[in-house]
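The structure file upload-v7.pdb is reproduced below (PDB, C-alpha atoms).
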ATOM      1  CA  MET A1320      73.768 149.792  64.310
ATOM      2  CA  LYS A1321      71.312 147.950  66.463
ATOM      3  CA  LYS A1322      71.852 144.786  64.440
ATOM      4  CA  LEU A1323      75.582 145.084  64.864
ATOM      5  CA  SER A1324      75.421 145.425  68.639
ATOM      6  CA  LYS A1325      73.235 142.340  68.902
ATOM      7  CA  LEU A1326      75.655 140.424  66.739
ATOM      8  CA  ARG A1327      78.445 141.600  68.987
ATOM      9  CA  ALA A1328      76.510 140.532  72.059
ATOM     10  CA  GLY A1329      76.076 137.106  70.511
ATOM     11  CA  PHE A1330      79.777 136.757  69.789
ATOM     12  CA  LEU A1331      80.637 138.021  73.239
ATOM     13  CA  ALA A1332      78.360 135.456  74.838
ATOM     14  CA  GLY A1333      79.909 132.797  72.620
ATOM     15  CA  LEU A1334      83.388 133.866  73.594
ATOM     16  CA  ILE A1335      82.526 133.730  77.289
ATOM     17  CA  MET A1336      81.034 130.251  76.874
ATOM     18  CA  THR A1337      84.132 129.045  75.021
ATOM     19  CA  LEU A1338      86.405 130.431  77.714
ATOM     20  CA  LEU A1339      84.263 128.760  80.385
ATOM     21  CA  ALA A1340      84.425 125.468  78.508
ATOM     22  CA  VAL A1341      88.202 125.699  78.188
ATOM     23  CA  PHE A1342      88.399 126.596  81.865
ATOM     24  CA  PHE A1343      86.394 123.553  82.917
ATOM     25  CA  VAL A1344      88.271 121.210  80.609
ATOM     26  CA  ASP A1345      91.449 122.548  82.149
ATOM     27  CA  ILE A1346      90.168 121.721  85.638
ATOM     28  CA  ASN A1347      89.572 118.166  84.498
ATOM     29  CA  GLU A1348      93.188 117.946  83.399
ATOM     30  CA  ALA A1349      95.642 116.307  85.763
ATOM     31  CA  GLN A1350      92.984 114.807  88.037
ATOM     32  CA  ALA A1351      93.722 111.318  89.123
ATOM     33  CA  GLU A1352      90.739 109.191  89.918
ATOM     34  CA  TYR A1353      89.116 110.039  93.259
ATOM     35  CA  GLY A1354      90.501 107.749  95.936
ATOM     36  CA  ASP A1355      93.702 106.745  94.157
ATOM     37  CA  VAL A1356      96.387 106.243  96.802
ATOM     38  CA  VAL A1357     100.026 107.076  96.206
ATOM     39  CA  ILE A1358     102.418 105.184  98.493
ATOM     40  CA  ASN A1359     105.926 106.506  98.621
ATOM     41  CA  ASN A1360     107.372 105.332 101.921
ATOM     42  CA  TYR A1361     110.484 103.744 100.438
ATOM     43  CA  SER A1362     110.071 103.907  96.652
ATOM     44  CA  ASP A1363     111.913 107.134  95.879
ATOM     45  CA  GLY A1364     114.733 106.122  98.184
ATOM     46  CA  ALA A1365     115.015 102.774  96.433
ATOM     47  CA  GLY A1366     115.075 104.330  92.972
ATOM     48  CA  MET A1367     111.617 103.023  92.120
ATOM     49  CA  ARG A1368     108.567 104.977  91.036
ATOM     50  CA  PRO A1369     106.012 105.456  93.843
ATOM     51  CA  VAL A1370     103.138 102.950  93.984
ATOM     52  CA  VAL A1371      99.736 104.031  92.691
ATOM     53  CA  PHE A1372      96.889 102.046  94.248
ATOM     54  CA  PRO A1373      93.609 102.610  92.363
ATOM     55  CA  HIS A1374      90.728 102.097  94.775
ATOM     56  CA  TRP A1375      88.161 102.164  91.930
ATOM     57  CA  PHE A1376      89.774  99.196  90.220
ATOM     58  CA  HIS A1377      90.001  97.097  93.341
ATOM     59  CA  ARG A1378      86.553  97.849  94.762
ATOM     60  CA  MET A1379      84.949  96.601  91.560
ATOM     61  CA  ARG A1380      86.469  93.198  92.350
ATOM     62  CA  PHE A1381      86.712  93.094  96.145
ATOM     63  CA  ARG A1382      84.673  94.654  98.928
ATOM     64  CA  CYS A1383      86.484  96.998 101.294
ATOM     65  CA  LYS A1384      86.343  94.384 104.072
ATOM     66  CA  VAL A1385      88.531  91.941 102.167
ATOM     67  CA  CYS A1386      91.587  94.169 102.477
ATOM     68  CA  HIS A1387      90.623  96.359 105.401
ATOM     69  CA  ALA A1388      89.358  93.593 107.688
ATOM     70  CA  ASP A1389      90.805  90.248 106.542
ATOM     71  CA  LEU A1390      94.179  91.497 105.343
ATOM     72  CA  GLY A1391      94.537  94.164 108.011
ATOM     73  CA  PHE A1392      95.123  97.241 105.867
ATOM     74  CA  LYS A1393      94.650 100.332 108.038
ATOM     75  CA  PHE A1394      92.586 103.235 106.703
ATOM     76  CA  LYS A1395      95.689 105.368 106.383
ATOM     77  CA  ALA A1396      97.674 106.068 103.238
ATOM     78  CA  GLY A1397     101.251 105.035 103.911
ATOM     79  CA  GLY A1398     100.365 103.816 107.408
ATOM     80  CA  ASN A1399     100.746 100.103 106.835
ATOM     81  CA  GLU A1400     104.533  99.670 106.769
ATOM     82  CA  ILE A1401     104.259  97.641 103.595
ATOM     83  CA  ASN A1402     107.501  96.491 102.045
ATOM     84  CA  MET A1403     108.437  93.995  99.362
ATOM     85  CA  VAL A1404     109.555  91.338 101.849
ATOM     86  CA  LYS A1405     106.070  91.281 103.385
ATOM     87  CA  ILE A1406     104.425  91.234  99.967
ATOM     88  CA  ILE A1407     106.545  88.292  98.788
ATOM     89  CA  ASP A1408     105.691  86.615 102.104
ATOM     90  CA  GLY A1409     101.992  86.838 101.170
ATOM     91  CA  GLN A1410     101.045  89.728 103.420
ATOM     92  CA  PHE A1411      99.185  92.878 102.304
ATOM     93  CA  CYS A1412      99.221  93.143  98.465
ATOM     94  CA  GLY A1413     100.917  89.745  98.376
ATOM     95  CA  ALA A1414      97.712  88.004  99.482
ATOM     96  CA  CYS A1415      96.446  88.413  95.903
ATOM     97  CA  HIS A1416      99.454  89.593  93.917
ATOM     98  CA  ASN A1417     101.037  86.156  93.942
ATOM     99  CA  GLY A1418     100.426  85.024  90.379
ATOM    100  CA  GLU A1419      97.239  83.188  91.366
ATOM    101  CA  ILE A1420      94.550  85.807  92.004
ATOM    102  CA  ALA A1421      96.414  88.750  90.452
ATOM    103  CA  TRP A1422      99.739  89.280  88.742
ATOM    104  CA  SER A1423     102.805  88.462  90.800
ATOM    105  CA  VAL A1424     105.574  90.672  92.130
ATOM    106  CA  GLU A1425     107.857  90.476  89.123
ATOM    107  CA  ASN A1426     105.623  93.012  87.358
ATOM    108  CA  CYS A1427     107.252  95.794  89.359
ATOM    109  CA  ASN A1428     106.324  98.616  87.015
ATOM    110  CA  LEU A1429     102.592  97.955  87.023
ATOM    111  CA  CYS A1430     102.283  99.092  90.648
ATOM    112  CA  HIS A1431     105.384 101.269  90.805
ATOM    113  CA  SER A1432     103.990 103.557  88.131
ATOM    114  CA  GLY A1433     103.656 106.965  89.811
ATOM    115  CA  LYS A1434     105.498 110.146  88.964
ATOM    116  CA  PRO A1435     108.789 110.202  90.866
ATOM    117  CA  ASN A1436     108.752 112.338  94.035
ATOM    118  CA  THR A1437     104.960 112.232  94.401
ATOM    119  CA  PRO A1438     104.285 112.284  98.163
ATOM    120  CA  THR A1439     102.178 109.627  99.899
ATOM    121  CA  GLN A1440      98.534 110.690  99.677
ATOM    122  CA  VAL A1441      94.933 109.818  98.991
ATOM    123  CA  HIS A1442      94.471 111.722  95.788
ATOM    124  CA  GLU A1443      91.657 114.275  95.649
ATOM    125  CA  SER A1444      90.704 113.583  99.261
ATOM    126  CA  THR A1445      89.018 116.275 101.327
ATOM    127  CA  VAL A1446      92.011 116.353 103.658
ATOM    128  CA  GLN A1447      94.371 116.870 100.769
ATOM    129  CA  LYS A1448      92.263 119.712  99.423
ATOM    130  CA  LEU A1449      91.786 121.387 102.800
ATOM    131  CA  ALA A1450      95.382 120.976 103.861
ATOM    132  CA  GLN A1451      96.737 122.482 100.668
ATOM    133  CA  PRO A1452      97.431 126.188 101.326
ATOM    134  CA  THR A1453      95.890 128.670  98.917
ATOM    135  CA  GLY A1454      98.069 129.378  95.949
ATOM    136  CA  ALA A1455     100.356 126.427  96.552
ATOM    137  CA  PRO A1456     101.539 124.723  93.372
ATOM    138  CA  LYS A1457      99.555 121.614  92.499
ATOM    139  CA  LYS A1458     101.358 118.479  93.493
TER     140      LYS A1458
ATOM    141  CA  MET B1394      61.706 137.462  63.468
ATOM    142  CA  THR B1395      64.277 139.397  61.455
ATOM    143  CA  ARG B1396      67.554 137.976  60.328
ATOM    144  CA  GLY B1397      69.430 140.370  62.570
ATOM    145  CA  ARG B1398      67.771 138.967  65.664
ATOM    146  CA  LEU B1399      68.235 135.372  64.619
ATOM    147  CA  ARG B1400      71.938 135.383  63.849
ATOM    148  CA  PRO B1401      73.370 136.017  67.306
ATOM    149  CA  ARG B1402      71.219 133.183  68.580
ATOM    150  CA  VAL B1403      72.518 130.870  65.879
ATOM    151  CA  VAL B1404      76.079 131.822  66.763
ATOM    152  CA  PHE B1405      75.304 131.321  70.429
ATOM    153  CA  ALA B1406      73.773 127.899  69.801
ATOM    154  CA  PHE B1407      76.770 126.912  67.678
ATOM    155  CA  VAL B1408      79.217 127.909  70.400
ATOM    156  CA  LEU B1409      77.146 126.036  72.989
ATOM    157  CA  ALA B1410      77.242 122.925  70.823
ATOM    158  CA  LEU B1411      80.994 123.357  70.428
ATOM    159  CA  CYS B1412      81.437 123.623  74.192
ATOM    160  CA  TRP B1413      79.387 120.479  74.682
ATOM    161  CA  ALA B1414      81.479 118.663  72.076
ATOM    162  CA  ILE B1415      84.717 119.703  73.777
ATOM    163  CA  GLN B1416      83.352 118.647  77.149
ATOM    164  CA  SER B1417      82.275 115.223  75.967
ATOM    165  CA  MET B1418      85.567 114.670  74.157
ATOM    166  CA  ALA B1419      87.419 115.465  77.364
ATOM    167  CA  GLY B1420      85.599 112.550  79.008
ATOM    168  CA  GLU B1421      84.679 112.170  82.644
ATOM    169  CA  TRP B1422      87.672 110.053  83.543
ATOM    170  CA  MET B1423      91.192 111.054  82.625
ATOM    171  CA  PRO B1424      93.356 108.475  80.865
ATOM    172  CA  LEU B1425      96.032 107.107  83.239
ATOM    173  CA  ALA B1426      98.831 108.737  81.248
ATOM    174  CA  ARG B1427      97.308 112.179  81.830
ATOM    175  CA  ASP B1428      95.858 111.813  85.332
ATOM    176  CA  GLY B1429      98.697 113.685  86.998
ATOM    177  CA  ILE B1430      99.942 110.941  89.310
ATOM    178  CA  HIS B1431     100.923 108.183  86.901
ATOM    179  CA  ASP B1432     104.274 108.615  85.191
ATOM    180  CA  PRO B1433     103.388 108.919  81.481
ATOM    181  CA  LYS B1434     106.709 107.209  80.692
ATOM    182  CA  SER B1435     105.748 104.144  82.715
ATOM    183  CA  ARG B1436     104.844 100.971  80.823
ATOM    184  CA  ALA B1437     101.872 100.617  83.192
ATOM    185  CA  VAL B1438      99.785 103.378  81.596
ATOM    186  CA  LYS B1439      99.582 101.287  78.425
ATOM    187  CA  ILE B1440      98.767  98.013  80.198
ATOM    188  CA  LEU B1441      96.513  98.872  83.149
ATOM    189  CA  GLN B1442      92.754  99.166  82.733
ATOM    190  CA  GLN B1443      91.601 102.717  82.006
ATOM    191  CA  PRO B1444      88.983 104.178  84.380
ATOM    192  CA  GLN B1445      86.853 105.274  81.437
ATOM    193  CA  GLU B1446      86.525 101.704  80.226
ATOM    194  CA  ALA B1447      85.512 100.320  83.604
ATOM    195  CA  LEU B1448      83.526 103.126  85.228
ATOM    196  CA  SER B1449      81.477 104.339  82.269
ATOM    197  CA  ARG B1450      79.421 101.127  82.472
ATOM    198  CA  LEU B1451      78.296 101.722  86.055
ATOM    199  CA  THR B1452      75.405 103.776  87.470
ATOM    200  CA  PRO B1453      76.580 107.379  87.117
ATOM    201  CA  ASP B1454      76.996 109.938  89.866
ATOM    202  CA  ASN B1455      78.003 113.594  89.835
ATOM    203  CA  ALA B1456      80.635 113.431  92.552
ATOM    204  CA  GLY B1457      83.678 111.424  93.558
ATOM    205  CA  ASN B1458      84.386 108.660  91.052
ATOM    206  CA  GLN B1459      81.216 109.642  89.140
ATOM    207  CA  VAL B1460      79.871 106.223  90.141
ATOM    208  CA  ARG B1461      76.995 105.354  92.469
ATOM    209  CA  TRP B1462      78.906 102.503  94.086
ATOM    210  CA  VAL B1463      76.102 101.228  96.322
ATOM    211  CA  GLN B1464      73.652 101.186  93.436
ATOM    212  CA  ALA B1465      76.198  99.509  91.172
ATOM    213  CA  LEU B1466      76.527  96.800  93.816
ATOM    214  CA  ASP B1467      72.762  96.474  94.438
ATOM    215  CA  LYS B1468      72.107  96.168  90.702
ATOM    216  CA  THR B1469      74.941  93.613  90.405
ATOM    217  CA  GLU B1470      76.727  95.750  87.838
ATOM    218  CA  ILE B1471      79.741  94.752  89.893
ATOM    219  CA  ARG B1472      80.164  91.552  91.909
ATOM    220  CA  PRO B1473      83.072  92.191  94.242
ATOM    221  CA  ARG B1474      84.264  89.243  96.316
ATOM    222  CA  GLU B1475      83.322  89.242  99.983
ATOM    223  CA  LYS B1476      86.209  87.220 101.340
ATOM    224  CA  LEU B1477      89.540  85.650 100.468
ATOM    225  CA  PHE B1478      89.607  82.980 103.132
ATOM    226  CA  ALA B1479      87.046  80.199 103.486
ATOM    227  CA  LYS B1480      86.875  80.653 107.245
ATOM    228  CA  THR B1481      85.963  84.347 107.109
ATOM    229  CA  GLU B1482      82.462  85.031 108.366
ATOM    230  CA  VAL B1483      80.630  87.603 106.225
ATOM    231  CA  ARG B1484      78.630  89.822 108.573
ATOM    232  CA  LYS B1485      75.836  92.161 107.540
ATOM    233  CA  LEU B1486      73.321  94.257 109.464
ATOM    234  CA  ASP B1487      70.139  96.008 108.341
ATOM    235  CA  ARG B1488      69.549  98.726 110.903
ATOM    236  CA  ASP B1489      69.352 102.486 110.483
ATOM    237  CA  ILE B1490      70.653 104.918 113.050
ATOM    238  CA  ILE B1491      69.189 108.415 113.129
ATOM    239  CA  LEU B1492      71.592 111.020 114.451
ATOM    240  CA  ASP B1493      69.814 114.117 115.628
ATOM    241  CA  VAL B1494      72.092 117.081 115.016
ATOM    242  CA  LYS B1495      72.346 120.508 116.573
ATOM    243  CA  GLY B1496      71.710 123.516 114.364
ATOM    244  CA  GLY B1497      69.513 123.798 111.350
ATOM    245  CA  MET B1498      70.719 120.858 109.281
ATOM    246  CA  PRO B1499      68.419 117.879 108.749
ATOM    247  CA  ALA B1500      69.191 114.846 110.916
ATOM    248  CA  VAL B1501      71.560 112.154 109.652
ATOM    249  CA  ARG B1502      70.408 108.701 108.638
ATOM    250  CA  PHE B1503      73.148 106.115 108.916
ATOM    251  CA  PRO B1504      72.112 102.920 107.140
ATOM    252  CA  HIS B1505      74.037  99.856 108.299
ATOM    253  CA  ARG B1506      72.880  97.830 105.311
ATOM    254  CA  GLN B1507      74.775  99.783 102.661
ATOM    255  CA  HIS B1508      77.838 100.061 104.876
ATOM    256  CA  THR B1509      78.007  96.378 105.807
ATOM    257  CA  GLU B1510      77.761  95.386 102.138
ATOM    258  CA  TRP B1511      81.241  96.845 101.824
ATOM    259  CA  LEU B1512      82.678  96.820 105.330
ATOM    260  CA  ASP B1513      82.937  94.492 108.296
ATOM    261  CA  CYS B1514      81.829  95.434 111.824
ATOM    262  CA  VAL B1515      85.434  95.656 113.036
ATOM    263  CA  ASN B1516      86.242  98.401 110.552
ATOM    264  CA  CYS B1517      84.243 100.833 112.715
ATOM    265  CA  HIS B1518      83.514  99.071 116.024
ATOM    266  CA  ASP B1519      84.820  99.574 118.628
ATOM    267  CA  GLY B1520      87.656 101.696 117.293
ATOM    268  CA  VAL B1521      86.248 104.581 115.278
ATOM    269  CA  PHE B1522      82.750 104.374 116.756
ATOM    270  CA  LYS B1523      81.615 102.734 119.984
ATOM    271  CA  MET B1524      79.054  99.994 119.552
ATOM    272  CA  GLN B1525      76.530 101.703 121.821
ATOM    273  CA  THR B1526      74.310 104.154 119.946
ATOM    274  CA  GLY B1527      75.035 107.697 121.046
ATOM    275  CA  ALA B1528      78.221 106.893 122.921
ATOM    276  CA  THR B1529      80.556 108.507 120.377
ATOM    277  CA  LYS B1530      80.415 112.250 119.851
ATOM    278  CA  ILE B1531      80.486 112.796 116.103
ATOM    279  CA  THR B1532      81.292 116.230 114.703
ATOM    280  CA  MET B1533      81.786 117.751 111.266
ATOM    281  CA  PHE B1534      85.016 119.218 112.649
ATOM    282  CA  ASN B1535      86.411 115.700 112.994
ATOM    283  CA  ILE B1536      84.875 114.491 109.756
ATOM    284  CA  LEU B1537      86.370 117.328 107.706
ATOM    285  CA  GLN B1538      89.798 116.419 109.074
ATOM    286  CA  GLY B1539      89.456 112.890 107.785
ATOM    287  CA  GLU B1540      88.362 111.253 111.022
ATOM    288  CA  GLN B1541      85.164 109.321 111.852
ATOM    289  CA  CYS B1542      82.903 109.269 108.740
ATOM    290  CA  GLY B1543      85.617 111.302 106.995
ATOM    291  CA  ILE B1544      88.000 108.342 106.977
ATOM    292  CA  CYS B1545      86.078 107.082 103.936
ATOM    293  CA  HIS B1546      83.735 109.941 102.967
ATOM    294  CA  GLY B1547      86.028 112.470 101.376
ATOM    295  CA  ALA B1548      88.600 109.856 100.402
ATOM    296  CA  VAL B1549      86.966 106.861  98.692
ATOM    297  CA  ALA B1550      83.241 106.963  99.458
ATOM    298  CA  PHE B1551      81.080 109.837  98.193
ATOM    299  CA  PRO B1552      82.726 113.147  99.125
ATOM    300  CA  LEU B1553      81.790 115.661 101.822
ATOM    301  CA  THR B1554      80.295 118.044  99.294
ATOM    302  CA  GLU B1555      77.197 115.815  99.219
ATOM    303  CA  CYS B1556      75.756 117.080 102.530
ATOM    304  CA  MET B1557      72.184 115.988 101.965
ATOM    305  CA  ARG B1558      72.968 112.350 101.273
ATOM    306  CA  CYS B1559      73.666 111.941 104.986
ATOM    307  CA  HIS B1560      71.626 114.842 106.348
ATOM    308  CA  SER B1561      68.496 113.396 104.830
ATOM    309  CA  ILE B1562      65.935 113.325 107.661
ATOM    310  CA  ALA B1563      63.949 116.536 107.735
ATOM    311  CA  LYS B1564      63.268 118.018 111.123
ATOM    312  CA  GLY B1565      59.638 118.720 111.852
ATOM    313  CA  ASP B1566      58.864 120.649 114.997
ATOM    314  CA  LYS B1567      62.449 120.394 116.293
ATOM    315  CA  GLN B1568      62.176 116.593 116.187
ATOM    316  CA  PRO B1569      63.315 114.565 113.191
ATOM    317  CA  VAL B1570      60.423 113.133 111.229
ATOM    318  CA  ILE B1571      61.210 109.456 110.889
ATOM    319  CA  PRO B1572      60.197 107.948 107.548
ATOM    320  CA  PRO B1573      58.225 104.700 107.951
ATOM    321  CA  ASP B1574      60.846 102.622 106.108
ATOM    322  CA  VAL B1575      63.553 103.467 108.596
ATOM    323  CA  ASN B1576      64.564 100.664 110.893
ATOM    324  CA  MET B1577      65.906 102.935 113.470
ATOM    325  CA  GLN B1578      67.609 103.632 116.734
ATOM    326  CA  MET B1579      67.829 107.204 117.894
ATOM    327  CA  HIS B1580      71.175 108.812 118.439
ATOM    328  CA  ARG B1581      70.562 112.130 120.155
ATOM    329  CA  SER B1582      73.160 114.823 120.259
ATOM    330  CA  ARG B1583      73.328 114.571 124.056
ATOM    331  CA  GLY B1584      73.678 111.308 125.914
ATOM    332  CA  PRO B1585      72.834 107.780 124.875
ATOM    333  CA  ALA B1586      69.514 106.758 123.413
ATOM    334  CA  PRO B1587      66.717 105.730 125.764
TER     335      PRO B1587
END

Turn this file's structure into structure tokens for me.
Amino acid sequence: MKKLSKLRAGFLAGLIMTLLAVFFVDINEAQAEYGDVVINNYSDGAGMRPVVFPHWFHRMRFRCKVCHADLGFKFKAGGNEINMVKIIDGQFCGACHNGEIAWSVENCNLCHSGKPNTPTQVHESTVQKLAQPTGAPKK
Amino acid sequence: MTRGRLRPRVVFAFVLALCWAIQSMAGEWMPLARDGIHDPKSRAVKILQQPQEALSRLTPDNAGNQVRWVQALDKTEIRPREKLFAKTEVRKLDRDIILDVKGGMPAVRFPHRQHTEWLDCVNCHDGVFKMQTGATKITMFNILQGEQCGICHGAVAFPLTECMRCHSIAKGDKQPVIPPDVNMQMHRSRGPAP
């Protein structure tokens, strides 16, 4: 009897650990990389996917100051009034995405790769987490 | 030790190992197709670089991108460009500011060196912070709303859960104890520095 209860305790502990593991794996699901910016000022309206800007990818290649000082990007997701005319003119993304430093604008789908209807945001930011009311469905 | 006592432990160890295996299979960085913001039907998720491939090679962290970005830069694991235009002047400053805070938290050490590796002076001065030490009132209330330090910390730089990385100067007898390596200017909670 005593043996059995210990065995049970072992299984119970195992079960709890498994559930915890599944729980944590589930949290990891659907987490974009910290700092990814979604820009959807005009995309949805134009029938394009929203733009996903991965900060991690760009900061491995350029320091913040290159875009945020030299190119004049404001520290505000969606606050830069970027449009394709400006990009083709060499402003904002177009300073590099011109076929010389990075791929050029004809590769629409590489930037416009977000889920349709995703609102403009800095993904996983403190503001996003704090501003999201309790129990609200995950965007 | 009897067999009856051993077996639950074996089962427990097995389940632990299983959990660990599941965790490591899940990976620290989600593939783009499953990250929740990329459209899995987009061609891009097959072409773009995966975060796992790029970030797993850098000095690891336990928050944010799971990367110690400053260390990765200092160790030249990454060599990001400093400018696009030949005429751009690259400006750096090695000076620490100690911000004495009210309440029981340790004082804040703001190191210009690490910040100016990434950023230019104009990114903070004189817009977000005045140039004069102590002239801008900085509060966690603002920071948690994504202003001041919170413009970057909590969005792209290490997140606001890492309190002690900024609040790193222990307070002795009500005065911060300044470590000898700190090249400092005092920023007191009231009024400008002497």

Problem set entry | Interatomic distance, CA of Met1379 (chain A) to CA of Glu1470 (chain B) (Å, one decimal) | 9.1 Å

Quick one: residues within 12 Å of Gly1409 (chain A), all atoms listed in the file, excluding same-chain residues fewer than 4 positions away - as a compact mmCIF listing (two decimals) with C-alpha atoms, in the coordinates of the input?
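What ended up in out_26.txt:
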# COMPACT_ATOMS: atom_id res chain seq x y z
CA LEU A 1390 94.18 91.50 105.34
CA ILE A 1401 104.26 97.64 103.60
CA ASN A 1402 107.50 96.49 102.04
CA MET A 1403 108.44 94.00 99.36
CA VAL A 1404 109.56 91.34 101.85
CA LYS A 1405 106.07 91.28 103.38
CA GLY A 1413 100.92 89.74 98.38
CA ALA A 1414 97.71 88.00 99.48
CA CYS A 1415 96.45 88.41 95.90
CA HIS A 1416 99.45 89.59 93.92
CA ASN A 1417 101.04 86.16 93.94
CA GLY A 1418 100.43 85.02 90.38
CA GLU A 1419 97.24 83.19 91.37
CA ILE A 1420 94.55 85.81 92.00
CA SER A 1423 102.80 88.46 90.80
CA VAL A 1424 105.57 90.67 92.13

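Rounded to one decimal, CA of Val1371 (chain A) and CA of Ile1471 (chain B) lie 22.2 Å from each other.
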
Exercise. What residues in chain B have any atom no more than 8 Å from chain A when counting all atoms listed in the file, and can you write them as a VMD selection string?
Worked result: chain B and resid 1397 to 1398 1400 to 1402 1404 to 1405 1408 to 1409 1411 to 1412 1415 to 1416 1419 1421 to 1423 1425 1427 to 1433 1435 to 1438 1440 to 1441 1444 1447 1457 to 1458 1471 to 1477 1481 1510 to 1513 1515 to 1516 1537 to 1539 1544 1547 to 1549 1552 to 1553

Exercise. So how many Å separate CA of Ile1571 (chain B) and CA of Met1524 (chain B), to one decimal?
Worked result: 22.0 Å

Translate the PyMOL selection byres ((chain B and resi 1501) around 12) into a concrete residue list for this structure, as an mmCIF file with C-alpha atoms, in the frame of the given file.
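File written: expr.cif
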data_model
loop_
_atom_site.group_PDB
_atom_site.id
_atom_site.type_symbol
_atom_site.label_atom_id
_atom_site.label_comp_id
_atom_site.auth_asym_id
_atom_site.auth_seq_id
_atom_site.Cartn_x
_atom_site.Cartn_y
_atom_site.Cartn_z
ATOM 1 C CA ASP B 1489 69.352 102.486 110.483
ATOM 2 C CA ILE B 1490 70.653 104.918 113.050
ATOM 3 C CA ILE B 1491 69.189 108.415 113.129
ATOM 4 C CA LEU B 1492 71.592 111.020 114.451
ATOM 5 C CA ASP B 1493 69.814 114.117 115.628
ATOM 6 C CA VAL B 1494 72.092 117.081 115.016
ATOM 7 C CA LYS B 1495 72.346 120.508 116.573
ATOM 8 C CA GLY B 1497 69.513 123.798 111.350
ATOM 9 C CA MET B 1498 70.719 120.858 109.281
ATOM 10 C CA PRO B 1499 68.419 117.879 108.749
ATOM 11 C CA ALA B 1500 69.191 114.846 110.916
ATOM 12 C CA ARG B 1502 70.408 108.701 108.638
ATOM 13 C CA PHE B 1503 73.148 106.115 108.916
ATOM 14 C CA PRO B 1504 72.112 102.920 107.140
ATOM 15 C CA ILE B 1531 80.486 112.796 116.103
ATOM 16 C CA THR B 1532 81.292 116.230 114.703
ATOM 17 C CA MET B 1533 81.786 117.751 111.266
ATOM 18 C CA CYS B 1542 82.903 109.269 108.740
ATOM 19 C CA CYS B 1556 75.756 117.080 102.530
ATOM 20 C CA MET B 1557 72.184 115.988 101.965
ATOM 21 C CA ARG B 1558 72.968 112.350 101.273
ATOM 22 C CA CYS B 1559 73.666 111.941 104.986
ATOM 23 C CA HIS B 1560 71.626 114.842 106.348
ATOM 24 C CA SER B 1561 68.496 113.396 104.830
ATOM 25 C CA ILE B 1562 65.935 113.325 107.661
ATOM 26 C CA ALA B 1563 63.949 116.536 107.735
ATOM 27 C CA LYS B 1564 63.268 118.018 111.123
ATOM 28 C CA PRO B 1569 63.315 114.565 113.191
ATOM 29 C CA VAL B 1570 60.423 113.133 111.229
ATOM 30 C CA ILE B 1571 61.210 109.456 110.889
ATOM 31 C CA VAL B 1575 63.553 103.467 108.596
ATOM 32 C CA MET B 1577 65.906 102.935 113.470
ATOM 33 C CA GLN B 1578 67.609 103.632 116.734
ATOM 34 C CA MET B 1579 67.829 107.204 117.894
ATOM 35 C CA HIS B 1580 71.175 108.812 118.439
ATOM 36 C CA ARG B 1581 70.562 112.130 120.155
ATOM 37 C CA SER B 1582 73.160 114.823 120.259
#

Set up a box along x, y and z of the file covering all listed atoms of region 1388-1404 of chain A, add 5 Å on every one of the six sides, and write the centre and edge lengths in Å to one decimal, as lines of an AutoDock Vina configuration file.
center_x = 99.5
center_y = 98.2
center_z = 103.7
size_x = 30.2
size_y = 25.8
size_z = 18.7
